[in-house]
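Student: Contents of query-v1.cif (mmCIF, C-alpha atoms) are given next:
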data_run
#
loop_
_atom_site.label_atom_id
_atom_site.label_comp_id
_atom_site.auth_asym_id
_atom_site.auth_seq_id
_atom_site.Cartn_x
_atom_site.Cartn_y
_atom_site.Cartn_z
CA MET A 173 -1.34 20.31 -18.95
CA THR A 174 1.93 19.74 -17.04
CA THR A 175 2.24 17.49 -13.96
CA ARG A 176 2.78 20.56 -11.78
CA GLN A 177 -0.30 22.24 -13.21
CA THR A 178 -2.39 19.11 -12.57
CA ALA A 179 -1.11 18.82 -8.98
CA ASN A 180 -1.96 22.47 -8.38
CA ARG A 181 -5.40 21.89 -9.83
CA VAL A 182 -6.02 19.03 -7.36
CA GLN A 183 -4.88 21.20 -4.46
CA HIS A 184 -7.38 23.86 -5.51
CA ALA A 185 -10.13 21.44 -6.48
CA LYS A 186 -13.66 21.49 -5.15
CA VAL A 187 -14.81 17.89 -4.84
CA LEU A 188 -18.26 16.44 -4.31
CA LEU A 189 -18.59 12.97 -2.79
CA SER A 190 -21.72 10.84 -2.85
CA ALA A 191 -21.73 8.76 0.36
CA TYR A 192 -25.12 7.25 1.16
CA ALA A 193 -23.40 5.43 4.05
CA CYS A 194 -21.15 7.76 6.04
CA ARG A 195 -20.59 7.66 9.79
CA PRO A 196 -17.56 8.20 12.03
CA ASP A 197 -16.06 5.37 14.06
CA ARG A 198 -17.82 2.70 12.04
CA GLY A 199 -16.55 -0.10 9.88
CA SER A 200 -17.83 -1.38 6.56
CA GLU A 201 -19.54 1.06 4.15
CA PRO A 202 -20.22 3.88 6.68
CA GLY A 203 -16.56 3.91 7.64
CA VAL A 204 -15.49 3.97 3.99
CA GLY A 205 -17.62 7.05 3.31
CA TRP A 206 -16.36 8.90 6.38
CA ASN A 207 -12.67 8.03 6.04
CA ILE A 208 -12.40 8.82 2.34
CA ALA A 209 -13.86 12.27 3.03
CA GLN A 210 -11.44 12.80 5.93
CA GLU A 211 -8.42 11.90 3.82
CA LEU A 212 -9.37 13.80 0.67
CA VAL A 213 -9.81 17.09 2.51
CA ARG A 214 -6.10 16.89 3.39
CA HIS A 215 -5.25 17.21 -0.30
CA CYS A 216 -8.08 19.19 -1.90
CA ALA A 217 -9.22 22.77 -1.36
CA GLN A 218 -12.82 21.93 -0.42
CA VAL A 219 -14.73 18.66 -0.06
CA TRP A 220 -18.52 18.40 0.05
CA VAL A 221 -20.22 15.16 1.05
CA VAL A 222 -23.85 14.47 0.25
CA THR A 223 -25.24 11.77 2.53
CA ARG A 224 -28.42 10.62 4.25
CA ALA A 225 -30.13 12.82 6.81
CA GLU A 226 -30.07 10.06 9.42
CA ASN A 227 -26.26 10.31 9.52
CA ARG A 228 -26.39 13.96 10.64
CA PRO A 229 -26.37 13.47 14.48
CA MET A 230 -23.24 11.28 14.49
CA ILE A 231 -21.42 13.47 11.97
CA THR A 232 -22.33 16.69 13.79
CA GLU A 233 -21.13 15.30 17.11
CA ALA A 234 -17.84 14.13 15.61
CA LEU A 235 -17.17 17.49 13.93
CA GLN A 236 -17.98 19.37 17.13
CA GLN A 237 -15.34 17.32 18.95
CA THR A 238 -12.81 17.52 16.13
CA PRO A 239 -13.58 20.24 13.55
CA VAL A 240 -12.35 19.56 10.02
CA PRO A 241 -11.87 22.78 8.05
CA ARG A 242 -12.97 22.77 4.41
CA LEU A 243 -15.12 19.64 4.87
CA HIS A 244 -18.84 20.23 4.33
CA PHE A 245 -21.78 17.86 4.70
CA VAL A 246 -25.06 18.19 2.88
CA TYR A 247 -27.98 15.99 3.90
CA HIS A 248 -30.61 14.55 1.64
CA ASP A 249 -33.27 11.92 2.14
CA LEU A 250 -36.57 10.68 0.85
CA PRO A 251 -39.79 11.69 2.64
CA ASP A 252 -40.41 10.17 6.08
CA TRP A 253 -43.74 8.80 5.00
CA ALA A 254 -42.28 6.82 2.11
CA VAL A 255 -43.27 3.17 2.49
CA TRP A 256 -40.01 2.02 0.90
CA ARG A 257 -37.76 3.38 3.66
CA ARG A 258 -37.34 -0.07 5.20
CA GLN A 259 -36.51 -1.68 1.87
CA VAL A 260 -32.83 -0.77 1.88
CA ARG A 261 -32.00 -1.69 -1.72
CA LEU A 262 -35.03 0.13 -3.13
CA HIS A 263 -34.47 3.10 -0.82
CA TYR A 264 -30.84 3.32 -1.93
CA TYR A 265 -31.78 3.20 -5.61
CA LEU A 266 -34.40 5.94 -5.23
CA TRP A 267 -32.05 8.03 -3.09
CA GLN A 268 -29.41 7.78 -5.78
CA THR A 269 -31.77 9.02 -8.47
CA SER A 270 -33.39 11.76 -6.39
CA VAL A 271 -30.15 13.28 -5.07
CA TYR A 272 -29.24 14.58 -8.53
CA PHE A 273 -31.51 17.62 -8.35
CA MET A 274 -30.05 18.79 -5.06
CA ALA A 275 -26.51 18.15 -6.33
CA ARG A 276 -27.19 20.09 -9.53
CA THR A 277 -28.30 23.13 -7.54
CA LEU A 278 -25.26 22.80 -5.27
CA HIS A 279 -22.97 22.58 -8.31
CA GLN A 280 -24.45 25.81 -9.69
CA GLU A 281 -23.56 27.51 -6.40
CA VAL A 282 -20.13 25.95 -5.78
CA GLY A 283 -18.77 24.90 -9.18
CA PHE A 284 -17.26 21.48 -8.53
CA ASP A 285 -14.15 20.31 -10.34
CA LEU A 286 -14.70 16.60 -9.77
CA VAL A 287 -17.36 14.23 -8.45
CA GLN A 288 -16.84 10.79 -6.90
CA HIS A 289 -19.37 8.14 -5.91
CA VAL A 290 -18.15 6.36 -2.77
CA THR A 291 -20.95 4.41 -1.03
CA TYR A 292 -22.70 2.09 -1.39
CA GLY A 293 -20.01 0.37 -3.39
CA ARG A 294 -22.20 -1.71 -5.73
CA TYR A 295 -21.33 -1.68 -9.39
CA CYS A 296 -24.85 -2.58 -10.60
CA VAL A 297 -26.64 0.45 -9.10
CA PRO A 298 -26.49 3.83 -10.87
CA SER A 299 -25.17 7.10 -9.49
CA SER A 300 -27.07 10.13 -10.74
CA LEU A 301 -24.11 12.40 -9.91
CA ALA A 302 -22.48 11.02 -13.05
CA PHE A 303 -24.81 13.35 -14.95
CA LEU A 304 -23.25 16.52 -13.53
CA PRO A 305 -21.11 18.32 -16.14
CA VAL A 306 -17.77 17.55 -14.44
CA PRO A 307 -15.43 14.51 -14.45
CA PHE A 308 -16.94 11.59 -12.51
CA ILE A 309 -15.15 8.77 -10.64
CA TRP A 310 -17.23 5.69 -9.87
CA GLY A 311 -16.06 3.78 -6.83
CA PRO A 312 -14.43 2.00 -5.22
CA VAL A 313 -17.12 -0.53 -6.15
CA GLY A 314 -17.53 -4.29 -5.95
CA GLY A 315 -20.44 -6.70 -5.95
CA ALA A 316 -19.75 -8.84 -9.02
CA GLU A 317 -18.30 -11.61 -6.86
CA ALA A 318 -20.49 -14.71 -6.69
CA ALA A 319 -20.38 -18.00 -4.83
CA PRO A 320 -19.15 -20.63 -7.34
CA ARG A 321 -21.95 -22.95 -8.46
CA ALA A 322 -20.32 -26.05 -7.02
CA PHE A 323 -20.44 -24.55 -3.50
CA ARG A 324 -24.15 -23.75 -3.53
CA GLU A 325 -25.15 -27.34 -2.92
CA ASP A 326 -23.99 -26.89 0.69
CA PHE A 327 -26.40 -24.01 1.26
CA GLY A 328 -29.81 -24.40 2.82
CA LEU A 329 -32.96 -23.39 0.94
CA ALA A 330 -32.76 -19.79 2.18
CA GLY A 331 -29.12 -19.56 1.12
CA LYS A 332 -29.80 -20.91 -2.34
CA LEU A 333 -32.68 -18.48 -2.79
CA PHE A 334 -30.47 -15.60 -1.60
CA GLU A 335 -27.82 -16.43 -4.18
CA MET A 336 -30.38 -16.71 -6.98
CA LEU A 337 -31.85 -13.30 -6.10
CA ARG A 338 -28.37 -11.79 -5.83
CA ASP A 339 -27.44 -13.10 -9.27
CA LEU A 340 -30.73 -11.79 -10.66
CA SER A 341 -30.12 -8.37 -9.09
CA CYS A 342 -26.74 -8.11 -10.83
CA TRP A 343 -28.21 -9.30 -14.15
CA ILE A 344 -30.99 -6.70 -13.98
CA GLY A 345 -28.62 -3.99 -12.81
CA GLU A 346 -26.26 -4.49 -15.74
CA ARG A 347 -29.21 -3.94 -18.09
CA ASP A 348 -30.54 -0.89 -16.27
CA PRO A 349 -30.26 2.10 -18.66
CA LEU A 350 -29.20 4.34 -15.76
CA VAL A 351 -26.38 1.96 -14.82
CA ARG A 352 -25.20 1.89 -18.43
CA LEU A 353 -25.29 5.68 -18.57
CA THR A 354 -23.35 5.87 -15.31
CA ALA A 355 -20.73 3.59 -16.87
CA ALA A 356 -20.61 5.63 -20.07
CA ARG A 357 -20.19 8.93 -18.19
CA SER A 358 -17.50 7.67 -15.79
CA ALA A 359 -14.04 9.05 -16.45
CA LEU A 360 -12.70 6.30 -14.21
CA ALA A 361 -14.15 3.34 -12.29
CA LEU A 362 -12.30 1.90 -9.30
CA ALA A 363 -12.94 -1.84 -8.89
CA VAL A 364 -12.13 -3.62 -5.64
CA THR A 365 -11.97 -7.10 -7.20
CA ASP A 366 -10.98 -8.61 -10.52
CA GLU A 367 -14.53 -9.94 -10.91
CA THR A 368 -15.99 -6.45 -10.66
CA ALA A 369 -13.34 -5.01 -12.97
CA ALA A 370 -14.40 -7.51 -15.64
CA ARG A 371 -18.06 -6.53 -15.34
CA LEU A 372 -17.23 -2.81 -15.48
CA GLN A 373 -15.23 -3.40 -18.65
CA ALA A 374 -18.21 -5.28 -20.09
CA LEU A 375 -20.30 -2.19 -19.29
CA LYS A 376 -17.82 -0.23 -21.45
CA VAL A 377 -16.46 2.06 -18.75
CA ARG A 378 -13.85 4.31 -20.32
CA ARG A 379 -11.10 3.29 -17.87
CA VAL A 380 -11.14 0.73 -15.06
CA ALA A 381 -8.48 0.53 -12.34
CA THR A 382 -8.31 -2.14 -9.65
CA THR A 383 -7.73 -0.94 -6.11
CA LEU A 384 -6.72 -3.35 -3.34
CA SER A 385 -9.55 -2.56 -0.93
CA SER A 386 -12.22 0.00 -0.17
CA ASN A 387 -11.41 -0.41 3.54
CA GLY A 388 -8.35 0.85 5.35
CA ILE A 389 -6.74 1.21 8.77
CA HIS A 390 -5.63 4.40 10.51
CA THR A 391 -2.10 4.81 11.80
CA HIS A 392 -3.30 5.03 15.41
CA GLU A 393 -5.23 1.77 14.89
CA LEU A 394 -2.07 0.09 13.65
CA ALA A 395 -0.44 0.89 16.97
CA GLN A 396 -3.35 -0.77 18.79
CA PHE A 397 -3.06 -3.91 16.68
CA GLN A 398 0.68 -4.07 17.16
CA GLN A 399 0.19 -3.92 20.94
CA LEU A 400 -1.82 -7.14 20.90
CA THR A 401 -0.06 -9.95 22.70
CA ALA A 402 2.28 -11.94 20.48
CA PRO A 403 1.01 -15.49 19.85
CA ALA A 404 2.10 -17.79 22.67
CA GLN A 405 4.55 -20.51 21.66
CA ASN A 406 3.80 -22.90 24.54
CA ARG A 407 0.20 -23.79 23.68
CA PRO A 408 -1.60 -25.54 20.81
CA VAL A 409 -2.46 -23.44 17.76
CA ARG A 410 -5.74 -21.51 17.71
CA PHE A 411 -7.62 -20.64 14.54
CA ILE A 412 -10.22 -17.88 14.47
CA SER A 413 -13.00 -16.80 12.10
CA THR A 414 -14.81 -13.49 12.53
CA GLY A 415 -17.98 -12.14 10.94
CA ARG A 416 -21.72 -12.57 10.74
CA LEU A 417 -22.60 -16.25 10.60
CA LEU A 418 -24.07 -16.27 7.10
CA HIS A 419 -24.13 -19.05 4.54
CA TRP A 420 -21.86 -17.26 2.05
CA LYS A 421 -19.15 -16.61 4.63
CA GLY A 422 -18.03 -20.21 4.14
CA PHE A 423 -17.46 -20.94 7.85
CA HIS A 424 -18.72 -24.50 7.28
CA LEU A 425 -15.71 -25.06 5.01
CA GLY A 426 -13.37 -23.94 7.79
CA LEU A 427 -14.97 -26.31 10.30
CA ARG A 428 -14.71 -29.26 7.92
CA ALA A 429 -11.07 -28.51 7.23
CA PHE A 430 -10.30 -28.17 10.93
CA ALA A 431 -11.93 -31.54 11.63
CA GLN A 432 -10.00 -33.27 8.84
CA ALA A 433 -6.72 -31.64 9.91
CA GLN A 434 -6.92 -33.81 13.06
CA LEU A 435 -5.41 -31.40 15.53
CA PRO A 436 -6.76 -32.82 18.82
CA ALA A 437 -5.10 -30.13 20.93
CA GLY A 438 -6.01 -27.26 18.58
CA GLU A 439 -8.90 -24.84 18.94
CA PHE A 440 -11.18 -22.97 16.54
CA TRP A 441 -12.84 -19.76 17.77
CA MET A 442 -15.89 -18.36 15.99
CA VAL A 443 -16.59 -14.67 16.65
CA GLY A 444 -19.99 -13.41 15.50
CA ASP A 445 -23.63 -14.34 15.39
CA GLY A 446 -26.23 -14.86 12.70
CA PRO A 447 -28.77 -17.20 11.14
CA GLU A 448 -26.22 -19.96 10.45
CA ARG A 449 -25.10 -20.37 14.07
CA LYS A 450 -27.29 -23.39 14.93
CA ARG A 451 -26.35 -25.07 11.67
CA LEU A 452 -22.65 -24.51 12.35
CA GLU A 453 -22.95 -25.74 15.93
CA ALA A 454 -24.69 -28.89 14.67
CA LEU A 455 -21.95 -29.36 12.06
CA ALA A 456 -19.21 -29.07 14.71
CA ALA A 457 -20.99 -31.70 16.80
CA ALA A 458 -21.43 -34.03 13.81
CA LEU A 459 -17.73 -33.67 12.94
CA GLY A 460 -16.71 -34.54 16.50
CA ILE A 461 -15.00 -31.21 17.19
CA ALA A 462 -17.64 -29.53 19.37
CA LYS A 463 -15.27 -29.40 22.36
CA GLN A 464 -12.58 -27.73 20.28
CA VAL A 465 -14.80 -25.09 18.68
CA LYS A 466 -15.83 -22.06 20.72
CA PHE A 467 -18.80 -20.02 19.49
CA LEU A 468 -18.18 -16.68 21.20
CA GLY A 469 -21.16 -14.85 19.68
CA ALA A 470 -21.26 -11.13 18.89
CA LEU A 471 -18.52 -9.25 20.76
CA THR A 472 -17.70 -5.61 21.31
CA ARG A 473 -14.86 -4.13 19.28
CA GLU A 474 -12.48 -4.44 22.23
CA GLN A 475 -13.52 -8.03 22.94
CA ALA A 476 -13.13 -9.02 19.28
CA LEU A 477 -9.61 -7.57 19.19
CA ALA A 478 -8.73 -9.44 22.39
CA ALA A 479 -9.98 -12.66 20.81
CA LEU A 480 -7.86 -12.03 17.71
CA GLY A 481 -4.86 -11.41 19.94
CA ALA A 482 -5.43 -14.75 21.69
CA CYS A 483 -5.37 -16.68 18.39
CA ASP A 484 -2.72 -17.51 15.82
CA VAL A 485 -4.33 -17.74 12.36
CA LEU A 486 -7.37 -16.12 10.76
CA VAL A 487 -9.49 -18.44 8.63
CA HIS A 488 -11.59 -16.44 6.16
CA PRO A 489 -13.26 -18.78 3.63
CA SER A 490 -15.80 -16.23 2.36
CA LEU A 491 -17.34 -16.97 -1.03
CA HIS A 492 -18.07 -13.39 -2.10
CA ASP A 493 -16.68 -10.68 0.18
CA PHE A 494 -15.46 -7.74 -1.91
CA SER A 495 -13.53 -5.83 0.75
CA PRO A 496 -13.16 -7.79 4.02
CA ALA A 497 -11.87 -5.55 6.82
CA VAL A 498 -11.20 -8.59 9.00
CA CYS A 499 -8.31 -9.69 6.77
CA LEU A 500 -6.67 -6.28 7.08
CA GLU A 501 -7.10 -6.39 10.86
CA ALA A 502 -5.55 -9.85 11.07
CA MET A 503 -2.53 -8.71 9.04
CA ALA A 504 -2.23 -5.58 11.17
CA ALA A 505 -2.20 -7.82 14.26
CA GLY A 506 0.57 -9.95 12.77
CA ARG A 507 -1.61 -13.01 12.13
CA PRO A 508 -1.41 -14.99 8.87
CA VAL A 509 -4.61 -15.49 6.90
CA ILE A 510 -6.07 -18.55 5.21
CA CYS A 511 -8.59 -17.42 2.59
CA LEU A 512 -10.08 -18.43 -0.73
CA ASP A 513 -8.44 -17.19 -3.91
CA ILE A 514 -11.59 -15.28 -4.96
CA GLY A 515 -13.14 -11.93 -4.12
CA GLY A 516 -11.56 -9.12 -2.17
CA ALA A 517 -9.42 -11.29 0.10
CA ALA A 518 -7.56 -12.61 -2.94
CA ASN A 519 -6.28 -9.08 -3.65
CA GLN A 520 -5.48 -8.29 -0.03
CA ILE A 521 -3.54 -11.43 0.84
CA THR A 522 -0.23 -12.40 -0.77
CA PRO A 523 1.85 -15.62 -0.50
CA GLU A 524 4.02 -13.75 1.99
CA THR A 525 1.12 -12.86 4.31
CA GLY A 526 -1.05 -15.98 4.17
CA ILE A 527 -2.25 -18.94 2.16
CA LYS A 528 -4.81 -18.53 -0.63
CA VAL A 529 -6.82 -21.63 -1.49
CA ALA A 530 -8.39 -22.28 -4.88
CA ALA A 531 -12.19 -22.51 -4.94
CA GLN A 532 -12.99 -25.13 -7.58
CA THR A 533 -15.07 -27.59 -5.58
CA PRO A 534 -15.94 -27.81 -1.87
CA GLU A 535 -13.98 -31.06 -1.52
CA GLN A 536 -10.84 -29.65 -3.13
CA THR A 537 -11.11 -26.43 -1.13
CA VAL A 538 -11.46 -28.26 2.17
CA GLN A 539 -8.47 -30.49 1.38
CA ASP A 540 -6.32 -27.48 0.49
CA MET A 541 -7.42 -25.72 3.68
CA VAL A 542 -6.45 -28.83 5.65
CA ALA A 543 -2.97 -28.64 4.14
CA ALA A 544 -2.76 -24.92 4.98
CA MET A 545 -3.86 -25.47 8.59
CA VAL A 546 -1.42 -28.34 9.12
CA ARG A 547 1.43 -26.39 7.56
CA LEU A 548 0.85 -23.34 9.76
CA GLU A 549 0.25 -25.46 12.86
CA ARG A 550 3.59 -27.24 12.42
CA ASP A 551 5.67 -24.17 11.58
CA PRO A 552 5.49 -21.34 14.15
CA GLY A 553 8.39 -19.64 12.36
CA LEU A 554 6.30 -19.43 9.20
CA ARG A 555 3.39 -17.98 11.17
CA ARG A 556 5.72 -15.35 12.60
CA ARG A 557 7.22 -14.43 9.22
CA MET A 558 3.80 -14.19 7.57
CA GLY A 559 2.55 -12.06 10.46
CA GLN A 560 5.45 -9.65 10.09
CA ALA A 561 4.96 -9.46 6.34
CA GLY A 562 1.26 -8.75 6.88
CA GLN A 563 2.00 -5.84 9.19
CA GLN A 564 4.40 -4.41 6.62
CA ARG A 565 1.82 -4.81 3.84
CA VAL A 566 -0.86 -2.99 5.81
CA GLN A 567 1.62 -0.23 6.63
CA GLU A 568 2.48 0.25 2.95
CA PHE A 569 -0.84 -0.25 1.19
CA PHE A 570 -3.83 -0.12 3.53
CA ARG A 571 -3.32 2.87 5.82
CA TRP A 572 -6.05 5.41 5.19
CA GLU A 573 -3.38 8.08 4.79
CA ASN A 574 -1.84 6.16 1.89
CA LYS A 575 -5.21 5.38 0.37
CA GLY A 576 -5.98 9.11 0.36
CA ARG A 577 -2.78 9.79 -1.57
CA ASP A 578 -3.65 7.02 -4.02
CA LEU A 579 -7.00 8.67 -4.68
CA VAL A 580 -5.28 11.97 -5.29
CA CYS A 581 -3.15 10.27 -7.96
CA PHE A 582 -6.34 9.12 -9.66
CA TYR A 583 -7.69 12.68 -9.36
CA GLN A 584 -4.58 14.01 -11.06
CA GLU A 585 -4.99 11.52 -13.88
CA VAL A 586 -8.67 12.33 -14.40
CA LEU A 587 -8.20 16.10 -14.22
CA SER A 588 -5.20 15.92 -16.54
CA ALA A 589 -7.24 13.98 -19.10
CA ALA A 590 -10.12 16.41 -18.72
CA GLY A 591 -7.76 19.34 -19.22
CA ALA A 592 -6.22 17.76 -22.31
CA ASN A 593 -9.65 17.07 -23.77
CA SER A 594 -10.67 20.63 -23.00
CA LEU A 595 -7.57 22.02 -24.70
CA GLY A 596 -7.99 19.67 -27.64
CA GLY A 597 -11.62 20.69 -28.02
CA GLU A 598 -10.67 24.36 -27.95
CA ALA A 599 -8.01 23.79 -30.63
CA ASP A 600 -10.49 21.99 -32.85
CA ARG A 601 -13.04 24.76 -32.34
CA ARG A 602 -10.48 27.41 -33.35
CA LYS A 603 -9.63 25.47 -36.48
CA ARG A 604 -13.27 25.64 -37.48
CA LEU A 605 -13.53 29.40 -36.88
CA PRO A 606 -13.31 31.62 -39.96
CA HIS A 607 -10.18 33.81 -40.22
#
Turn the structure described in the file into structure tokens.
Tutor:
Amino acid sequence: MTTRQTANRVQHAKVLLSAYACRPDRGSEPGVGWNIAQELVRHCAQVWVVTRAENRPMITEALQQTPVPRLHFVYHDLPDWAVWRRQVRLHYYLWQTSVYFMARTLHQEVGFDLVQHVTYGRYCVPSSLAFLPVPFIWGPVGGAEAAPRAFREDFGLAGKLFEMLRDLSCWIGERDPLVRLTAARSALALAVTDETAARLQALKVRRVATTLSSNGIHTHELAQFQQLTAPAQNRPVRFISTGRLLHWKGFHLGLRAFAQAQLPAGEFWMVGDGPERKRLEALAAALGIAKQVKFLGALTREQALAALGACDVLVHPSLHDFSPAVCLEAMAAGRPVICLDIGGAANQITPETGIKVAAQTPEQTVQDMVAAMVRLERDPGLRRRMGQAGQQRVQEFFRWENKGRDLVCFYQEVLSAAGANSLGGEADRRKRLPH
């Protein structure tokens, strides 16, 4: 099949997306499901999205305000009386297995050319749509990232238990026959991190490709970020961390580094709330930096952007984020990023856009973060250059429009391989026919 023939096939393709989480104007997984659907319909003939029934009101309202031709939503859910509805992981697993029968009927009516699983993006949970008789793309997925053992000693009892259960969930998932069948039937798996790519290869996925992020930023959002006030040059440096205050976010590492950096005029802003807040506040007091650290709590989207605009450097020491949107937002706002060289942030950030710190031991990591903070505090020119490079990187690689085109390239590859296999199979069959 020629390149032109494959491109034409994509343009005429009928695609089915599985997006358990899918809502407009949301971040995280719901935003991934919605935005991938919005971008793919620009390139494909028809796109169907199967998602949860509870997403219907928000999707219907959005499509009434801005209709999207050729984009169709199909809603499926488990019974209302099901006792497992509040157990998200179990509900998701059962939804994934039960949606197959509805999708099979829909395929008989529509005749899909390609199927893609989008959300949730966990590599150790199966997707029953892999069993439809069409090429299947699994991802983007992550979830194989884990907090290094040396860092778990800093966690409280609840945090240690969480990590043990998370590890166990991945171990069980990799041995789930349905997960192994999903891997075997995938024409392509898209991994968001190197850690997940390694686990997918261990599951014997036919082909694994690493994508930089499952999240993205729209062009109109880039304009909003670029309008944020440029960092002031006549005040002490301000660091900022944003996210739910959870043990695995590593905010305690950032506070320790800030204390050891000895920047008496500097500030550290914490945006977000969560179960670790009291522990972090106590740590700031014990380190003698309570007056320099501002816990701003949960903010609205507009307030959070204003806070980012008032700061100079994002500190993101997460121990197992697989696609942190906050790093993309910081780059879009022209702020350099200090992060750990693990997980999704390690793929998003480059030496030109921030400083990646090795995560070998907590002591080594804190010391390296101290060096990064001092370096950026002393060199406003470096902060400016990294900020500019970050904006350019987001423009080139993380705009949703570009991510849609990247997916189409993967579609072309998968459909081309499927066409070649189909032609090869036909040739072999003819050779076996009697003359």
Student: Just give me the gap between atom CA of Thr291 of chain A and atom CA of Pro496 of chain A in Å, one decimal is fine.
Tutor: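 Taking atom CA of Thr291 of chain A as the start and atom CA of Pro496 of chain A as the end point, the length is 15.3 Å.
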Student: When the PyMOL selection byres ((chain A and resi 201) around 12) is applied to the structure above, which residues does it catch, written out as a PyMOL selection string?
Tutor: chain A and resi 191-200+202-208+290-294+311-314+385-388+494-497
Student: With a distance cut-off of 12 Å and all atoms listed in the file, select the neighbouring residues of Phe582 of chain A, excluding the residue or stretch itself and same-chain residues fewer than 2 positions from it, and output the selection as JSON, numbers by chain.
Tutor: {"A": [178, 179, 182, 212, 286, 288, 307, 308, 309, 310, 311, 312, 359, 360, 361, 362, 379, 380, 381, 382, 383, 575, 576, 577, 578, 579, 580, 584, 585, 586, 587, 588, 589]}
Student: Could you check the closest approach to Gly283 of chain A for each of A:Lys376, A:Ser299, A:Asp249, A:Leu188 and tell me which residue wins, using only C-alpha atoms?
Tutor: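 Of A:Lys376, A:Ser299, A:Asp249, A:Leu188, the one nearest Gly283 of chain A, counting only C-alpha atoms, is A:Leu188.
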Student: Give me, as a list in words, all polymer residues having an atom no more than 9 Å from segment 394-403 of chain A, counting all atoms listed in the file and skipping those fewer than 5 positions away in the same chain.
Tutor: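 Counting only the stated atoms, we get Ile389, Val409, Leu477, Ala478, Leu480, Gly481, Ala482, Cys483, Asp484, Glu501, Ala502, Ala504, Ala505, Gly506, Arg507, Arg556, Gln563, Val566, Gln567 and Arg571 of chain A.
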Student: Would you write out, as number ranges by chain, every residue that the PyMOL selection byres ((chain A and resi 368) around 8) captures in this file?
Tutor: A: 295, 313-317, 363-367, 369-372
Student: Excluding segment 334-351 of chain A and residues on its chain fewer than 3 positions from it, collect all residues at most 12 Å away from it, counting all atoms listed in the file, and give them as a count of residues only.
Tutor: 51
Student: Expanded to explicit residues, what is the PyMOL selection byres ((chain A and resi 540) around 10) for this file, as a list in words?
Tutor: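 This file, filtered by the PyMOL selection byres ((chain A and resi 540) around 10), leaves Ala429, Leu512, Ile527, Lys528, Val529, Ala530, Ala531, Pro534, Glu535, Gln536, Thr537, Val538, Gln539, Met541, Val542, Ala543, Ala544, Met545 and Val546 of chain A.
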Student: What's the separation between atom CA of Asn180 of chain A and atom CA of Tyr583 of chain A, in Å to one decimal place?
Tutor: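 The value is 11.4 Å.
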Student: Identify, on the basis of only C-alpha atoms, every residue whose closest approach to Val240 of chain A does not exceed 10 Å; exclude the query and any residue fewer than 6 positions from it along the same chain; express the result as a list in words.
Tutor: Gln210, Val213, Arg214 and Ala234 of chain A
Student: Looking at A:Val287, A:Val246, A:Ala209, A:Ala476, which one is nearest to Ala185 of chain A, with distances taken over all atoms listed in the file?
Tutor: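 So, comparing all the options, the nearest one is A:Val287.
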Student: Which is closest to His488 of chain A among A:Thr223, A:Gln218, A:Ser413, A:Gln464, if we use all atoms listed in the file?
Tutor: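 Comparing A:Thr223, A:Gln218, A:Ser413, A:Gln464 against His488 of chain A, the winner is A:Ser413.
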Student: Please compute the atom CA of Phe273 of chain A-atom CA of Val219 of chain A distance, one decimal, in Å.
Tutor: 18.7 Å
Student: As lines of an AutoDock Vina configuration file, please report the centre and edge lengths, rounded to one decimal in Å, of the axis-aligned box that holds all listed atoms of segment 377-391 of chain A with 5 Å of padding on each of the six sides.
Tutor:
center_x = -9.3
center_y = 0.7
center_z = -4.3
size_x = 24.4
size_y = 18.2
size_z = 42.1
Student: Out of A:Leu417, A:Cys216, A:Leu486, A:Leu500, which residue has the shortest atom-to-atom distance to Gly469 of chain A when counting all atoms listed in the file?
Tutor: A:Leu417
Student: With all atoms listed in the file as the atoms that count, which of A:Ala322, A:Met503, A:Leu250, A:Lys421 lies nearest to Gln564 of chain A?
Tutor: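 Closest to Gln564 of chain A, using all atoms listed in the file: A:Met503.
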Student: Check the smallest atom-to-atom distance from each of A:Ala275, A:Ile521, A:Val260, A:Ala590 to Met558 of chain A using all atoms listed in the file, then report the winner.
Tutor: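 Of A:Ala275, A:Ile521, A:Val260, A:Ala590, the one nearest Met558 of chain A, counting all atoms listed in the file, is A:Ile521.
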Student: Is it possible to get the residues within 7 Å of (-21.6, 15.9, 7.9) (coordinates as in the file, counting only C-alpha atoms) written as a list in words?
Tutor: Arg228, Ile231, Thr232, His244, Phe245 and Val246 of chain A
